[in-house]
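The structure under discussion appears below in the form of structure tokens.
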Amino acid sequence: MVTTVGRSGGIARAGRAIITLGCVSTVAFLGPAGTFTDAALQQLVDRGRIAAGDGGAPDTAPQTLPCDTPTQALAAVREGRADFACVPFENSVDGTVSPTADALATGTRLQILAETELDIAFAILVRPGTAPSDVRTLSTHPIAAAQVRSWVQENLPNAQINTTSSTAAGAEEVAAGEADAAAAPARAGEILGLDALASGIADVSGARTRFVLVGNPTAPPAPTGNDRTSVVFGVRHEPNSLVQALTELSIRGINLSRIESRPTRVDRFTYFFHIDLVGHIDDPMVAEALAALHHRTSRLRFLGSWPVDAHGDAEAPPADRAAASSPPDRTEGYAWTRAMATGRG
Ligand SMILES: O=C(O)C(=O)C[C@]1(C(=O)O)C=C[C@@H](O)C=C1
């Protein structure tokens, strides 16, 4: 089912990177309607990070394609059924969203083009007339379950938590009479006509989730001075190989904002390293570090450079390297970096 996301915000704000969509563009997302991912996509539209283009009417909005998993949303882009996918990427309580990370690390290369962050707190949704003591089952997404488990144990002691493909899918189970309660965005309750037994629920206050907009490989949005770059790589199974790879970043003063190892799923007990770093592939120190990483690692995959969703102070990589060790021949690495930076990879 393809639907259209409402667009209430303005066009581009000066200085903000924008993904201009064709007026017939389709964005796949982790659905159904009412998920946090749905809200994140709406936020990208409202903030003018996604704008209808190609001469579309001013209020033309992208069409949306709800999917059951981040993997399916990304597959929709790979298979040409969608132009972009909006998927959860990292939760401040539960960490990297593994299905998203794994689907980006393997298969045809895709590229992250934009991010947006949401505050995460849950409404406990029930059918009208349900009392707390009636709640025997509560359905929600596994990452959501990790964020409400203590509250549920304390306030709904009879409830068993069952996991669903998304928070809004849990709310749909409640509406269908298949579960007594769901932990989901309040919006899912409004869509389905459910009541909230409680709202603003979060075991860890201040939780946030980062969502990313992913498309086919292209030249990244222009650097803003407050950007992230994401790569995935493997290293040889020998002493020092990971340290040597990371040293290429540290000697250039490049800061990491996330590092994760995930099984390659190719050879047993081998791992890919997922890294987000401060800076843009067009920043000279980042370009040099990526060229060096190309030399030090195997299967280096560029997942994109994009502007940080505005929060906190801007972080940028250093402009140059004071003390450089004599570098090995990096001609091939630089050719790869240029290809990624210009969308020819
Ligand atoms: O199920 C949803 O509503 C989602 O958008 C997914 C998701 C996630 O995967 O992290 C998004 C934010 C919350 O942290 C819980 C679930």
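Just so we're on the same page: first chain in the structure tokens is A, next is B, and so on; residues restart at 1 for each chain, and ligands are numbered from 1 in the order they show up.
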
Output the neighbourhood of ligand 1 as a PDB file with C-alpha atoms, in the first residue's frame, that is, all protein and nucleic acid residues with some atom at most 6 Å from the ligand, counting only C-alpha atoms and all ligand atoms.
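What landed in part-v8.pdb:
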ATOM      1  CA  THR A  35       5.399   4.204  14.368  1.00  0.00           C
ATOM      2  CA  PHE A  36       8.213   6.409  15.613  1.00  0.00           C
ATOM      3  CA  THR A  37       9.782   5.919  12.178  1.00  0.00           C
ATOM      4  CA  PRO A  88      15.685   3.548  12.780  1.00  0.00           C
ATOM      5  CA  ASN A  91      18.680   4.184  20.159  1.00  0.00           C
ATOM      6  CA  VAL A  97      19.378  -1.057  15.535  1.00  0.00           C
ATOM      7  CA  HIS A 141       8.817  -3.684  19.395  1.00  0.00           C
ATOM      8  CA  ILE A 143      13.769  -2.058  21.323  1.00  0.00           C
ATOM      9  CA  ALA A 144      10.694  -0.443  22.868  1.00  0.00           C
ATOM     10  CA  SER A 166       6.995  -2.282  15.398  1.00  0.00           C
ATOM     11  CA  THR A 167       5.283  -0.346  18.175  1.00  0.00           C
ATOM     12  CA  ALA A 168       2.332   0.545  15.937  1.00  0.00           C
ATOM     13  CA  THR A 209      16.479   7.452  18.582  1.00  0.00           C
TER      14      THR A 209
END

Check your understanding: A:Thr163, A:Val174, A:Ser230, A:His237: which is nearest Phe269 (chain A), counting only C-alpha atoms?
Key -> A:His237

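Counting only C-alpha atoms, region 341-344 of chain A has the following residues at most 10 Å away, ignoring those fewer than 6 positions along the same chain: Gln111, Asn216, Pro217, Thr218, Ala219, Pro220, Pro221, Ala222, His280, Ile281, Asp282, Ala287, Phe302, Gly304, Ser305 and Ala335 of chain A.
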
Take the residues from that selection and put them in a file with C-alpha atoms, as a tab-separated table (two decimals), in the first residue's frame.
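So out_38.tsv came out as:
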chain	number	residue	atom	x	y	z
A	111	GLN	CA	23.87	5.37	1.19
A	216	ASN	CA	20.97	4.63	-3.79
A	217	PRO	CA	24.64	5.69	-3.96
A	218	THR	CA	25.05	9.30	-5.02
A	219	ALA	CA	27.28	12.31	-4.30
A	220	PRO	CA	26.74	13.03	-0.57
A	221	PRO	CA	24.99	16.23	0.55
A	222	ALA	CA	27.50	19.11	0.74
A	280	HIS	CA	32.52	14.58	5.91
A	281	ILE	CA	34.23	12.64	3.12
A	282	ASP	CA	35.04	16.03	1.54
A	287	ALA	CA	39.33	11.86	3.00
A	302	PHE	CA	31.11	3.81	2.50
A	304	GLY	CA	27.50	8.07	3.50
A	305	SER	CA	28.36	11.54	4.79
A	335	ALA	CA	40.63	6.86	-6.29

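Taking CA of Ala289 (chain A) and CA of Pro307 (chain A) as the two end points, the separation is 19.0 Å.
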
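Of the listed residues (A:Ala85, A:Thr64, A:Asn226, A:Arg296), A:Arg296 comes nearest to Ser241 (chain A); the distances count only C-alpha atoms.
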
Gly345 (chain A) environment, 8 Å, only C-alpha atoms, sequence neighbours closer than 4 positions dropped, as an mmCIF file with C-alpha atoms, in the first residue's frame:
data_model
loop_
_atom_site.group_PDB
_atom_site.id
_atom_site.type_symbol
_atom_site.label_atom_id
_atom_site.label_comp_id
_atom_site.auth_asym_id
_atom_site.auth_seq_id
_atom_site.Cartn_x
_atom_site.Cartn_y
_atom_site.Cartn_z
ATOM 1 C CA PRO A 217 24.644 5.686 -3.965
ATOM 2 C CA TRP A 336 38.054 4.944 -4.195
ATOM 3 C CA ALA A 339 34.480 7.681 -6.554
ATOM 4 C CA MET A 340 32.431 7.575 -3.321
#

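One finds CA of Glu117 (chain A) at 19.6 Å from CA of Glu260 (chain A).
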
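Residues of region 181-290 of chain A carrying a DSSP assignment of alpha helix (DSSP H), computed from the backbone, are Ala186, Arg187, Ala188, Gly189, Glu190, Ile191, Leu192, Ser241, Leu242, Val243, Gln244, Ala245, Leu246, Thr247, Glu248, Leu249, Ser250, Pro284, Met285, Val286, Ala287, Glu288, Ala289 and Leu290 of chain A.
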
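Counting from CA of His294 (chain A), the distance to CA of Arg268 (chain A) is 23.4 Å.
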
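Distances to Ile201 (chain A) were evaluated for A:Glu248, A:Asp119, A:Asp38, A:Asp313 using only C-alpha atoms, and the minimum falls at A:Asp119.
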
Practice item. May I have the residues within 12 Å of region 146-160 of chain A as an MDAnalysis selection string, using only C-alpha atoms and disregarding those fewer than 3 positions away in the same chain? Key: chainID A and resid 91:95 120:124 131:143 163 167 179:184 197:209
